[in-house]
>>> print(open('structure37.tsv').read())   # TSV, C-alpha atoms
chain	number	residue	atom	x	y	z
L	1	MET	CA	19.28	-0.56	-5.90
L	2	ARG	CA	20.23	1.33	-9.00
L	3	ARG	CA	22.96	-0.19	-11.05
L	4	ARG	CA	24.48	3.16	-11.60
L	5	GLN	CA	25.93	3.53	-8.51
L	6	GLY	CA	4.52	-9.13	25.79
L	7	ILE	CA	1.72	-10.94	26.88
L	8	ASP	CA	0.35	-11.81	30.35
L	9	ALA	CA	-2.85	-13.76	31.07
L	10	ALA	CA	-4.84	-11.27	28.98
L	11	PRO	CA	-6.58	-12.70	25.88
L	12	ARG	CA	-4.61	-10.63	23.38
L	13	PHE	CA	-0.90	-10.50	22.85
L	14	VAL	CA	1.05	-7.28	23.08
L	15	ARG	CA	4.66	-6.36	22.69
L	16	SER	CA	6.55	-6.49	25.95
L	17	CYS	CA	8.56	-3.59	27.32
L	18	ASP	CA	9.99	-3.51	30.83
L	19	GLN	CA	9.06	-0.20	32.48
L	20	ARG	CA	12.50	-0.11	34.02
L	21	GLU	CA	14.07	-0.16	30.59
L	22	PRO	CA	13.18	2.28	27.77
L	23	CYS	CA	11.54	0.86	24.66
L	24	MET	CA	13.19	0.97	21.27
L	25	SER	CA	13.14	4.49	19.91
L	26	LYS	CA	10.86	5.17	16.99
L	27	PRO	CA	12.46	4.73	13.58
L	28	GLY	CA	14.24	7.90	12.63
L	29	ASP	CA	14.64	9.08	16.23
L	30	PRO	CA	18.29	10.04	16.73
L	31	ARG	CA	18.31	7.85	19.82
L	32	ALA	CA	17.96	4.84	17.55
L	33	ARG	CA	21.44	5.58	16.27
L	34	THR	CA	23.13	5.61	19.66
L	35	SER	CA	25.16	2.67	20.89
L	36	VAL	CA	23.46	-0.03	22.92
L	37	THR	CA	24.42	-0.22	26.60
L	38	VAL	CA	24.77	-3.72	28.02
L	39	PRO	CA	22.24	-4.18	30.87
L	40	SER	CA	23.90	-3.53	34.21
L	41	ALA	CA	21.69	-5.81	36.29
L	42	ALA	CA	23.55	-8.83	37.55
L	43	PRO	CA	22.41	-12.27	36.28
L	44	GLY	CA	19.60	-13.67	38.40
L	45	ASP	CA	18.50	-10.26	39.75
L	46	LEU	CA	15.34	-10.29	37.66
L	47	PRO	CA	12.86	-13.16	37.09
L	48	LYS	CA	13.17	-14.98	33.79
L	49	SER	CA	10.34	-15.76	31.37
L	50	SER	CA	9.95	-17.25	27.91
L	51	PHE	CA	9.64	-14.88	24.97
L	52	MET	CA	9.12	-15.18	21.24
L	53	LEU	CA	11.30	-12.72	19.37
L	54	VAL	CA	10.61	-12.22	15.65
L	55	LEU	CA	13.89	-11.91	13.76
L	56	THR	CA	12.71	-11.60	10.15
L	57	GLY	CA	9.45	-10.89	8.33
L	58	THR	CA	6.77	-8.24	8.51
L	59	ARG	CA	6.64	-8.50	12.33
L	60	PHE	CA	10.37	-8.07	12.66
L	61	GLY	CA	11.44	-6.89	16.11
L	62	GLU	CA	8.13	-7.80	17.78
L	63	LEU	CA	8.56	-9.40	21.20
L	64	TYR	CA	5.87	-11.60	22.80
L	65	LYS	CA	5.90	-12.90	26.37
L	66	LEU	CA	4.70	-16.50	26.58
L	67	PRO	CA	2.57	-17.33	29.67
L	68	PRO	CA	3.73	-20.57	31.34
L	69	GLY	CA	1.59	-23.61	30.50
L	70	ARG	CA	-0.61	-21.77	28.00
L	71	VAL	CA	-0.77	-22.88	24.37
L	72	VAL	CA	-0.15	-19.87	22.15
L	73	ARG	CA	-1.33	-20.27	18.56
L	74	ILE	CA	0.62	-18.57	15.79
L	75	GLY	CA	-0.78	-17.94	12.33
L	76	ARG	CA	-2.23	-15.58	9.76
L	77	GLY	CA	-5.92	-15.89	10.73
L	78	GLU	CA	-7.93	-13.82	13.18
L	79	GLU	CA	-8.22	-16.81	15.48
L	80	ALA	CA	-4.46	-16.86	16.06
L	81	ASP	CA	-3.10	-15.46	19.32
L	82	ILE	CA	-0.06	-14.06	17.51
L	83	ARG	CA	-0.88	-12.94	13.98
L	84	LEU	CA	1.82	-12.89	11.32
L	85	ASP	CA	1.16	-11.26	7.97
L	86	ASP	CA	3.20	-13.64	5.87
L	87	GLU	CA	1.73	-15.16	2.71
L	88	GLY	CA	3.32	-18.56	3.42
L	89	VAL	CA	1.95	-18.83	6.95
L	90	SER	CA	-1.28	-20.83	7.42
L	91	ARG	CA	-4.24	-19.37	9.30
L	92	LEU	CA	-3.25	-21.53	12.28
L	93	HIS	CA	0.29	-22.55	11.56
L	94	CYS	CA	1.97	-23.66	14.79
L	95	SER	CA	1.82	-23.24	18.55
L	96	LEU	CA	4.17	-22.64	21.47
L	97	GLU	CA	3.70	-23.77	25.06
L	98	ALA	CA	6.20	-22.42	27.57
L	99	ARG	CA	7.42	-24.85	30.21
L	100	GLY	CA	10.04	-23.18	32.35
L	101	PRO	CA	13.23	-22.67	30.34
L	102	GLU	CA	11.83	-24.76	27.46
L	103	ALA	CA	8.85	-24.50	25.13
L	104	VAL	CA	6.93	-27.11	23.14
L	105	LEU	CA	6.63	-26.23	19.45
L	106	ARG	CA	3.84	-27.99	17.52
L	107	ASP	CA	2.91	-27.72	13.87
L	108	LEU	CA	-0.89	-27.32	13.49
L	109	GLY	CA	-1.21	-28.96	10.08
L	110	SER	CA	0.33	-26.06	8.21
L	111	GLN	CA	0.58	-26.20	4.45
L	112	ASN	CA	4.20	-25.11	4.17
L	113	GLY	CA	5.61	-26.64	7.34
L	114	THR	CA	7.43	-25.56	10.46
L	115	TYR	CA	11.21	-25.76	10.45
L	116	VAL	CA	13.84	-25.80	13.16
L	117	ALA	CA	17.46	-25.61	12.05
L	118	GLY	CA	16.34	-26.38	8.50
L	119	GLU	CA	14.45	-29.56	9.42
L	120	ARG	CA	10.69	-29.83	9.12
L	121	THR	CA	9.11	-30.81	12.43
L	122	GLN	CA	5.70	-31.73	13.82
L	123	GLU	CA	6.59	-31.36	17.49
L	124	ARG	CA	9.82	-30.34	19.18
L	125	ILE	CA	11.15	-29.12	22.49
L	126	LEU	CA	12.79	-25.72	22.08
L	127	VAL	CA	15.43	-24.25	24.33
L	128	ASP	CA	16.78	-20.74	24.66
L	129	GLY	CA	18.15	-19.53	21.33
L	130	ASP	CA	16.43	-22.07	19.06
L	131	ARG	CA	15.21	-20.52	15.80
L	132	VAL	CA	12.01	-21.45	13.94
L	133	GLN	CA	11.29	-20.70	10.28
L	134	ILE	CA	7.71	-20.52	8.96
L	135	GLY	CA	6.12	-19.00	5.88
L	136	ALA	CA	7.92	-17.11	3.18
L	137	ALA	CA	10.00	-14.79	5.32
L	138	THR	CA	9.35	-15.26	9.04
L	139	THR	CA	11.94	-16.43	11.53
L	140	PHE	CA	11.49	-16.25	15.28
L	141	LYS	CA	13.49	-17.51	18.20
L	142	LEU	CA	12.76	-18.66	21.75
L	143	ALA	CA	14.41	-16.54	24.41
L	144	TYR	CA	14.42	-17.49	28.09
L	145	ALA	CA	15.62	-14.40	29.90
L	146	ASP	CA	14.59	-11.46	32.02
L	147	GLU	CA	12.93	-8.56	30.24
L	148	VAL	CA	15.99	-6.32	30.36
L	149	GLU	CA	18.12	-8.92	28.62
L	150	VAL	CA	15.52	-9.84	26.01
L	151	ASN	CA	14.89	-6.19	25.16
L	152	TYR	CA	18.63	-5.82	24.72
L	153	GLN	CA	18.57	-8.75	22.28
L	154	ARG	CA	15.73	-7.09	20.41
L	155	ARG	CA	17.71	-3.89	20.04
L	156	LEU	CA	20.63	-5.76	18.58
L	157	ALA	CA	18.35	-7.41	16.03
L	158	GLU	CA	16.72	-4.07	15.21
L	159	ILE	CA	20.04	-2.34	14.69
L	160	ALA	CA	21.08	-5.01	12.18
L	161	LEU	CA	18.24	-4.03	9.83
L	162	ARG	CA	18.30	-0.25	10.26
L	163	ASP	CA	20.27	2.33	8.36
L	164	PRO	CA	22.56	3.81	11.03
L	165	LEU	CA	22.37	7.34	9.65
L	166	THR	CA	18.63	7.82	9.13
L	167	GLY	CA	17.03	5.13	11.30
L	168	VAL	CA	14.83	3.80	8.47
L	169	TYR	CA	15.20	0.24	7.21
L	170	ASN	CA	18.32	-0.64	5.25
L	171	ARG	CA	18.66	-2.15	1.82
L	172	ARG	CA	18.88	-5.71	3.14
L	173	HIS	CA	15.55	-5.52	4.96
L	174	PHE	CA	13.95	-3.78	2.01
L	175	GLY	CA	14.96	-6.69	-0.23
L	176	GLU	CA	13.46	-9.21	2.18
L	177	ARG	CA	10.20	-7.31	2.47
L	178	LEU	CA	9.95	-6.73	-1.26
L	179	THR	CA	10.23	-10.47	-1.88
L	180	SER	CA	7.60	-11.40	0.71
L	181	GLU	CA	5.18	-8.59	-0.20
L	182	PHE	CA	5.47	-9.33	-3.92
L	183	ALA	CA	4.63	-13.00	-3.31
L	184	ALA	CA	1.68	-12.03	-1.10
L	185	SER	CA	0.31	-9.59	-3.67
L	186	ARG	CA	0.40	-12.30	-6.34
L	187	ARG	CA	-1.20	-14.91	-4.08
L	188	TYR	CA	-4.07	-12.72	-2.88
L	189	GLY	CA	-4.55	-10.68	-6.05
L	190	ARG	CA	-3.82	-7.28	-4.54
L	191	SER	CA	-1.82	-4.37	-5.85
L	192	LEU	CA	1.68	-3.52	-4.67
L	193	SER	CA	3.30	-0.16	-5.38
L	194	LEU	CA	6.92	0.90	-5.18
L	195	VAL	CA	8.03	4.52	-4.99
L	196	LEU	CA	11.70	5.34	-5.45
L	197	LEU	CA	13.12	8.79	-4.81
L	198	ASP	CA	16.47	10.46	-5.25
L	199	VAL	CA	17.43	13.59	-3.32
L	200	ASP	CA	18.32	16.03	-6.08
L	201	HIS	CA	21.88	17.34	-6.22
L	202	LEU	CA	22.89	16.14	-2.77
L	203	ASN	CA	26.50	16.30	-3.94
L	204	ARG	CA	26.15	20.08	-4.23
L	205	VAL	CA	25.08	20.26	-0.58
L	206	ASN	CA	28.11	18.21	0.41
L	207	GLU	CA	30.43	20.41	-1.62
L	208	ALA	CA	28.99	23.69	-0.38
L	209	HIS	CA	28.36	22.86	3.28
L	210	GLY	CA	30.29	19.67	4.00
L	211	ARG	CA	29.30	16.03	4.31
L	212	PRO	CA	27.73	16.45	7.80
L	213	ALA	CA	25.25	18.89	6.26
L	214	GLY	CA	24.30	16.31	3.64
L	215	ASP	CA	23.81	13.76	6.39
L	216	GLU	CA	21.41	16.12	8.17
L	217	VAL	CA	19.45	16.54	4.95
L	218	LEU	CA	19.12	12.76	4.62
L	219	ARG	CA	17.90	12.50	8.21
L	220	GLY	CA	15.34	15.19	7.49
L	221	VAL	CA	14.09	13.39	4.37
L	222	ALA	CA	13.76	10.16	6.36
L	223	GLN	CA	11.70	11.97	9.00
L	224	VAL	CA	9.40	13.38	6.31
L	225	LEU	CA	8.86	9.91	4.88
L	226	GLN	CA	8.09	8.35	8.24
L	227	GLY	CA	5.66	11.13	9.08
L	228	ILE	CA	3.61	10.43	5.95
L	229	VAL	CA	3.88	6.74	5.15
L	230	ARG	CA	1.58	4.25	6.90
L	231	GLY	CA	3.07	2.06	9.61
L	232	ALA	CA	2.26	-1.12	7.66
L	233	ASP	CA	4.36	0.06	4.71
L	234	VAL	CA	8.13	0.01	4.34
L	235	VAL	CA	10.49	2.97	4.19
L	236	ALA	CA	14.14	2.17	3.47
L	237	ARG	CA	17.33	3.89	2.47
L	238	VAL	CA	18.65	1.86	-0.42
L	239	GLY	CA	21.50	4.05	-1.68
L	240	GLY	CA	23.56	7.09	-0.79
L	241	ASP	CA	20.82	9.57	-1.71
L	242	GLU	CA	18.05	7.12	-2.60
L	243	PHE	CA	15.02	5.95	-0.60
L	244	ALA	CA	12.31	3.38	-1.33
L	245	ILE	CA	8.69	3.23	-0.18
L	246	LEU	CA	6.84	-0.08	-0.49
L	247	LEU	CA	3.07	0.39	-0.39
L	248	ARG	CA	0.84	-2.61	0.27
L	249	GLU	CA	-2.58	-2.88	-1.38
L	250	THR	CA	-2.02	0.43	-3.16
L	251	GLU	CA	-2.84	1.13	-6.79
L	252	LEU	CA	-1.30	3.74	-9.05
L	253	GLN	CA	-3.50	6.66	-8.02
L	254	GLY	CA	-2.77	6.10	-4.34
L	255	ALA	CA	0.96	5.83	-4.99
L	256	GLN	CA	0.92	9.01	-7.07
L	257	THR	CA	-0.95	10.90	-4.36
L	258	LEU	CA	1.51	9.81	-1.70
L	259	ALA	CA	4.54	10.57	-3.87
L	260	GLU	CA	3.27	14.07	-4.61
L	261	ARG	CA	2.63	14.68	-0.91
L	262	VAL	CA	6.14	13.56	-0.05
L	263	ARG	CA	7.62	15.61	-2.89
L	264	GLN	CA	5.92	18.77	-1.69
L	265	SER	CA	6.92	18.13	1.92
L	266	ILE	CA	10.58	17.70	0.98
L	267	GLU	CA	10.46	20.86	-1.11
L	268	ASP	CA	9.06	22.75	1.91
L	269	MET	CA	11.60	21.23	4.30
L	270	ARG	CA	14.51	23.32	5.55
L	271	THR	CA	17.57	21.79	7.15
L	272	ARG	CA	19.32	24.11	9.62
L	273	PHE	CA	23.03	23.54	9.73
L	274	ASP	CA	25.82	25.74	10.98
L	275	GLY	CA	23.56	28.78	11.06
L	276	LYS	CA	22.26	28.28	7.55
L	277	GLU	CA	19.08	26.87	6.02
L	278	ILE	CA	19.46	24.26	3.30
L	279	ALA	CA	16.65	23.51	0.84
L	280	VAL	CA	16.51	20.40	-1.34
L	281	THR	CA	14.07	18.65	-3.65
L	282	ALA	CA	13.59	15.04	-4.75
L	283	THR	CA	12.61	13.22	-7.92
L	284	PHE	CA	10.35	10.17	-7.87
L	285	GLY	CA	9.69	7.06	-9.92
L	286	ILE	CA	6.59	4.91	-9.38
L	287	ALA	CA	5.89	1.31	-10.37
L	288	VAL	CA	2.81	-0.79	-9.60
L	289	ASP	CA	2.25	-4.53	-9.74
L	290	VAL	CA	-1.42	-4.93	-10.67
L	291	PRO	CA	-2.95	-8.43	-10.41
L	292	SER	CA	-5.07	-8.02	-13.53
L	293	HIS	CA	-1.97	-7.18	-15.60
L	294	LYS	CA	0.57	-9.53	-14.04
L	295	ARG	CA	3.08	-11.38	-16.15
L	296	GLU	CA	3.80	-14.99	-15.27
L	297	ASN	CA	7.59	-14.72	-15.14
L	298	GLU	CA	7.79	-11.30	-13.51
L	299	GLN	CA	9.94	-11.09	-10.39
L	300	PRO	CA	10.32	-8.51	-7.58
L	301	ARG	CA	13.41	-7.07	-9.28
L	302	HIS	CA	11.28	-6.14	-12.29
L	303	LEU	CA	9.18	-3.85	-10.09
L	304	VAL	CA	12.38	-2.13	-9.00
L	305	GLU	CA	13.57	-1.80	-12.58
L	306	HIS	CA	10.26	-0.24	-13.66
L	307	ALA	CA	10.47	2.33	-10.85
L	308	GLU	CA	14.10	3.12	-11.70
L	309	ARG	CA	13.26	3.73	-15.36
L	310	ALA	CA	10.33	5.97	-14.36
L	311	MET	CA	12.64	8.00	-12.12
L	312	ASP	CA	15.27	8.29	-14.82
L	313	ARG	CA	12.66	9.60	-17.26
L	314	GLN	CA	11.67	12.31	-14.79
L	315	LYS	CA	15.30	13.31	-14.27
L	316	GLU	CA	15.71	13.74	-18.01
L	317	LEU	CA	12.89	16.30	-17.85
L	318	GLY	CA	14.31	18.10	-14.83
L	319	VAL	CA	14.18	17.57	-11.08
L	320	ASN	CA	11.58	17.80	-8.30
L	321	ARG	CA	9.16	15.66	-10.28
L	322	THR	CA	7.06	12.49	-9.90
L	323	GLY	CA	6.15	10.01	-12.61
L	324	ASN	CA	5.45	6.40	-13.51
>>> encode(input="structure37.tsv", output="structure tokens")
Amino acid sequence: MRRRQGIDAAPRFVRSCDQREPCMSKPGDPRARTSVTVPSAAPGDLPKSSFMLVLTGTRFGELYKLPPGRVVRIGRGEEADIRLDDEGVSRLHCSLEARGPEAVLRDLGSQNGTYVAGERTQERILVDGDRVQIGAATTFKLAYADEVEVNYQRRLAEIALRDPLTGVYNRRHFGERLTSEFAASRRYGRSLSLVLLDVDHLNRVNEAHGRPAGDEVLRGVAQVLQGIVRGADVVARVGGDEFAILLRETELQGAQTLAERVRQSIEDMRTRFDGKEIAVTATFGIAVDVPSHKRENEQPRHLVEHAERAMDRQKELGVNRTGN
């Protein structure tokens, strides 16, 4: 960041989770940082089904079970069976029809096309492992497996985009979401806010109590953020002591209110380590992309730069502050 350093026959689709296998831990839960155990069930012990696993985009990590012989419509509109909030996805973009170990992919007249292995397609037979790209940032793959195996695959994908220390999203996923959300805000004329925060003087915590103490502080900050920020927004660790919050459809006042709430919560937080309580604060920078004031050549990186400058200005005035 900163240069200085399942579904069944029911009408609606839901994420699938085998009751015999625990679901993915919530972001920030320490269990999300543990190693993944390879399923012990022998191949063929469990029945196989077709699944759609979202690998990138705003629905990343979502897993949908595809009922055999049923056409499942994918798109951005309310009429879609699986809804994807991606500005490049049409209201009814494409469909999947599971047929045993295969699935029929059909484009439904989408504006931006449906791609398999980089080639635009109107209709194609998919097999296990085939990846489909639609919209600005969405990739999903067909998986033909039992639910234990497919949930294992989902965990591997999830781990790839999570910060291993705190459990929030990592810098890579933040960059992908920033790009897609910025494009969507411009297309639909809605505000997009970015809040950056630095944990003040974390190096002093490391020096006084050791690096493990600093790690516990970072975990605590991440838990504060996830307890306050809406599920539709993005929380990411983008540097050693730096976090980012991407707020959809949020104007300056809303971003300021949230930043102040987070600031106060971090100030009130106490990290217990080795019999001691550690207190920290954080300094915030806020930037907002407002449709009525947009500049034609402005890019997502400019929003980051604005937030960085705002944070730097606050640090010049002290610490434990918010500003834009």
>>> atom_distance(input="structure37.tsv", atom1="CA of Ala236 in chain L", atom2="CA of His93 in chain L")
29.5 Å
>>> residues_around(input="structure37.tsv", residues="Leu246 in chain L", least_positions_apart="2", cutoff="12 Å", atoms="all atoms listed in the file", output="ChimeraX atom specification")
/L:169,173-182,185,191-197,225,229-238,243-244,248-251,255,258-259,286-289,300,303-304,307
>>> closest_residue(input="structure37.tsv", among="L:Lys141, L:Arg186, L:Arg99, L:Arg131", to="Val71 in chain L", atoms="all atoms listed in the file")
L:Arg99
>>> residues_near_point(input="structure37.tsv", point="(-2.1, -22.1, 23.6)", cutoff="8 Å", atoms="only C-alpha atoms", output="number ranges by chain")
L: 69-73, 81, 95-97
>>> residues_around(input="structure37.tsv", residues="Ala282 in chain L", least_positions_apart="5", cutoff="8 Å", atoms="all atoms listed in the file", output="PDB file with C-alpha atoms, keeping the file's coordinate frame")
ATOM      1  CA  LEU L 197      13.120   8.790  -4.810  1.00  0.00           C
ATOM      2  CA  ASP L 198      16.470  10.460  -5.250  1.00  0.00           C
ATOM      3  CA  VAL L 199      17.430  13.590  -3.320  1.00  0.00           C
ATOM      4  CA  ASP L 200      18.320  16.030  -6.080  1.00  0.00           C
ATOM      5  CA  ARG L 263       7.620  15.610  -2.890  1.00  0.00           C
ATOM      6  CA  ILE L 266      10.580  17.700   0.980  1.00  0.00           C
ATOM      7  CA  GLU L 267      10.460  20.860  -1.110  1.00  0.00           C
ATOM      8  CA  VAL L 319      14.180  17.570 -11.080  1.00  0.00           C
ATOM      9  CA  ASN L 320      11.580  17.800  -8.300  1.00  0.00           C
ATOM     10  CA  ARG L 321       9.160  15.660 -10.280  1.00  0.00           C
TER      11      ARG L 321
END
>>> closest_residue(input="structure37.tsv", among="L:Leu46, L:Val221, L:Leu108, L:Ile245", to="Glu149 in chain L", atoms="only C-alpha atoms")
L:Leu46
>>> atom_distance(input="structure37.tsv", atom1="CA of Glu147 in chain L", atom2="CA of Tyr64 in chain L")
10.7 Å
>>> atom_distance(input="structure37.tsv", atom1="CA of Leu156 in chain L", atom2="CA of Leu218 in chain L")
23.2 Å
>>> closest_residue(input="structure37.tsv", among="L:Thr281, L:Thr139, L:Leu63, L:Ala145", to="His201 in chain L", atoms="all atoms listed in the file")
L:Thr281
>>> closest_residue(input="structure37.tsv", among="L:Gln133, L:Gly88, L:Gly239, L:Leu252", to="Arg120 in chain L", atoms="only C-alpha atoms")
L:Gln133
>>> build_atoms(input="structure37.tsv", residues="range 196-218 of chain L", atoms="N, CA and C atoms", output="PDB file, in the coordinates of the input")
ATOM      1  N   LEU L 196      10.293   5.041  -5.664  1.00  0.00           N
ATOM      2  CA  LEU L 196      11.700   5.340  -5.450  1.00  0.00           C
ATOM      3  C   LEU L 196      11.900   6.848  -5.521  1.00  0.00           C
ATOM      4  N   LEU L 197      12.821   7.369  -4.723  1.00  0.00           N
ATOM      5  CA  LEU L 197      13.120   8.790  -4.810  1.00  0.00           C
ATOM      6  C   LEU L 197      14.593   9.037  -4.603  1.00  0.00           C
ATOM      7  N   ASP L 198      15.099   9.974  -5.377  1.00  0.00           N
ATOM      8  CA  ASP L 198      16.470  10.460  -5.250  1.00  0.00           C
ATOM      9  C   ASP L 198      16.436  11.889  -4.724  1.00  0.00           C
ATOM     10  N   VAL L 199      17.279  12.198  -3.759  1.00  0.00           N
ATOM     11  CA  VAL L 199      17.430  13.590  -3.320  1.00  0.00           C
ATOM     12  C   VAL L 199      18.242  14.306  -4.385  1.00  0.00           C
ATOM     13  N   ASP L 200      17.680  15.344  -4.962  1.00  0.00           N
ATOM     14  CA  ASP L 200      18.320  16.030  -6.080  1.00  0.00           C
ATOM     15  C   ASP L 200      19.573  16.790  -5.644  1.00  0.00           C
ATOM     16  N   HIS L 201      20.638  16.570  -6.390  1.00  0.00           N
ATOM     17  CA  HIS L 201      21.880  17.340  -6.220  1.00  0.00           C
ATOM     18  C   HIS L 201      22.405  17.333  -4.780  1.00  0.00           C
ATOM     19  N   LEU L 202      22.355  16.205  -4.127  1.00  0.00           N
ATOM     20  CA  LEU L 202      22.890  16.140  -2.770  1.00  0.00           C
ATOM     21  C   LEU L 202      24.393  16.399  -2.759  1.00  0.00           C
ATOM     22  N   ASN L 203      25.049  16.063  -3.862  1.00  0.00           N
ATOM     23  CA  ASN L 203      26.500  16.300  -3.940  1.00  0.00           C
ATOM     24  C   ASN L 203      26.813  17.791  -3.832  1.00  0.00           C
ATOM     25  N   ARG L 204      25.916  18.636  -4.327  1.00  0.00           N
ATOM     26  CA  ARG L 204      26.150  20.080  -4.230  1.00  0.00           C
ATOM     27  C   ARG L 204      26.065  20.537  -2.775  1.00  0.00           C
ATOM     28  N   VAL L 205      25.176  19.937  -2.009  1.00  0.00           N
ATOM     29  CA  VAL L 205      25.080  20.260  -0.580  1.00  0.00           C
ATOM     30  C   VAL L 205      26.367  19.865   0.130  1.00  0.00           C
ATOM     31  N   ASN L 206      26.866  18.674  -0.212  1.00  0.00           N
ATOM     32  CA  ASN L 206      28.110  18.210   0.410  1.00  0.00           C
ATOM     33  C   ASN L 206      29.283  19.115   0.062  1.00  0.00           C
ATOM     34  N   GLU L 207      29.332  19.550  -1.179  1.00  0.00           N
ATOM     35  CA  GLU L 207      30.430  20.410  -1.620  1.00  0.00           C
ATOM     36  C   GLU L 207      30.363  21.791  -0.991  1.00  0.00           C
ATOM     37  N   ALA L 208      29.146  22.322  -0.879  1.00  0.00           N
ATOM     38  CA  ALA L 208      28.990  23.690  -0.380  1.00  0.00           C
ATOM     39  C   ALA L 208      29.024  23.783   1.146  1.00  0.00           C
ATOM     40  N   HIS L 209      28.508  22.766   1.826  1.00  0.00           N
ATOM     41  CA  HIS L 209      28.360  22.860   3.280  1.00  0.00           C
ATOM     42  C   HIS L 209      29.093  21.759   4.042  1.00  0.00           C
ATOM     43  N   GLY L 210      29.617  20.769   3.334  1.00  0.00           N
ATOM     44  CA  GLY L 210      30.290  19.670   4.000  1.00  0.00           C
ATOM     45  C   GLY L 210      29.405  18.439   4.122  1.00  0.00           C
ATOM     46  N   ARG L 211      30.033  17.305   4.237  1.00  0.00           N
ATOM     47  CA  ARG L 211      29.300  16.030   4.310  1.00  0.00           C
ATOM     48  C   ARG L 211      28.333  15.958   5.501  1.00  0.00           C
ATOM     49  N   PRO L 212      28.688  16.480   6.686  1.00  0.00           N
ATOM     50  CA  PRO L 212      27.730  16.450   7.800  1.00  0.00           C
ATOM     51  C   PRO L 212      26.421  17.152   7.480  1.00  0.00           C
ATOM     52  N   ALA L 213      26.489  18.203   6.660  1.00  0.00           N
ATOM     53  CA  ALA L 213      25.250  18.890   6.260  1.00  0.00           C
ATOM     54  C   ALA L 213      24.401  17.975   5.392  1.00  0.00           C
ATOM     55  N   GLY L 214      25.034  17.259   4.472  1.00  0.00           N
ATOM     56  CA  GLY L 214      24.300  16.310   3.640  1.00  0.00           C
ATOM     57  C   GLY L 214      23.669  15.208   4.469  1.00  0.00           C
ATOM     58  N   ASP L 215      24.370  14.774   5.504  1.00  0.00           N
ATOM     59  CA  ASP L 215      23.810  13.760   6.390  1.00  0.00           C
ATOM     60  C   ASP L 215      22.556  14.275   7.099  1.00  0.00           C
ATOM     61  N   GLU L 216      22.579  15.535   7.515  1.00  0.00           N
ATOM     62  CA  GLU L 216      21.410  16.120   8.170  1.00  0.00           C
ATOM     63  C   GLU L 216      20.227  16.201   7.210  1.00  0.00           C
ATOM     64  N   VAL L 217      20.514  16.503   5.959  1.00  0.00           N
ATOM     65  CA  VAL L 217      19.450  16.540   4.950  1.00  0.00           C
ATOM     66  C   VAL L 217      18.815  15.161   4.814  1.00  0.00           C
ATOM     67  N   LEU L 218      19.641  14.123   4.748  1.00  0.00           N
ATOM     68  CA  LEU L 218      19.120  12.760   4.620  1.00  0.00           C
ATOM     69  C   LEU L 218      18.273  12.376   5.827  1.00  0.00           C
TER      70      LEU L 218
END
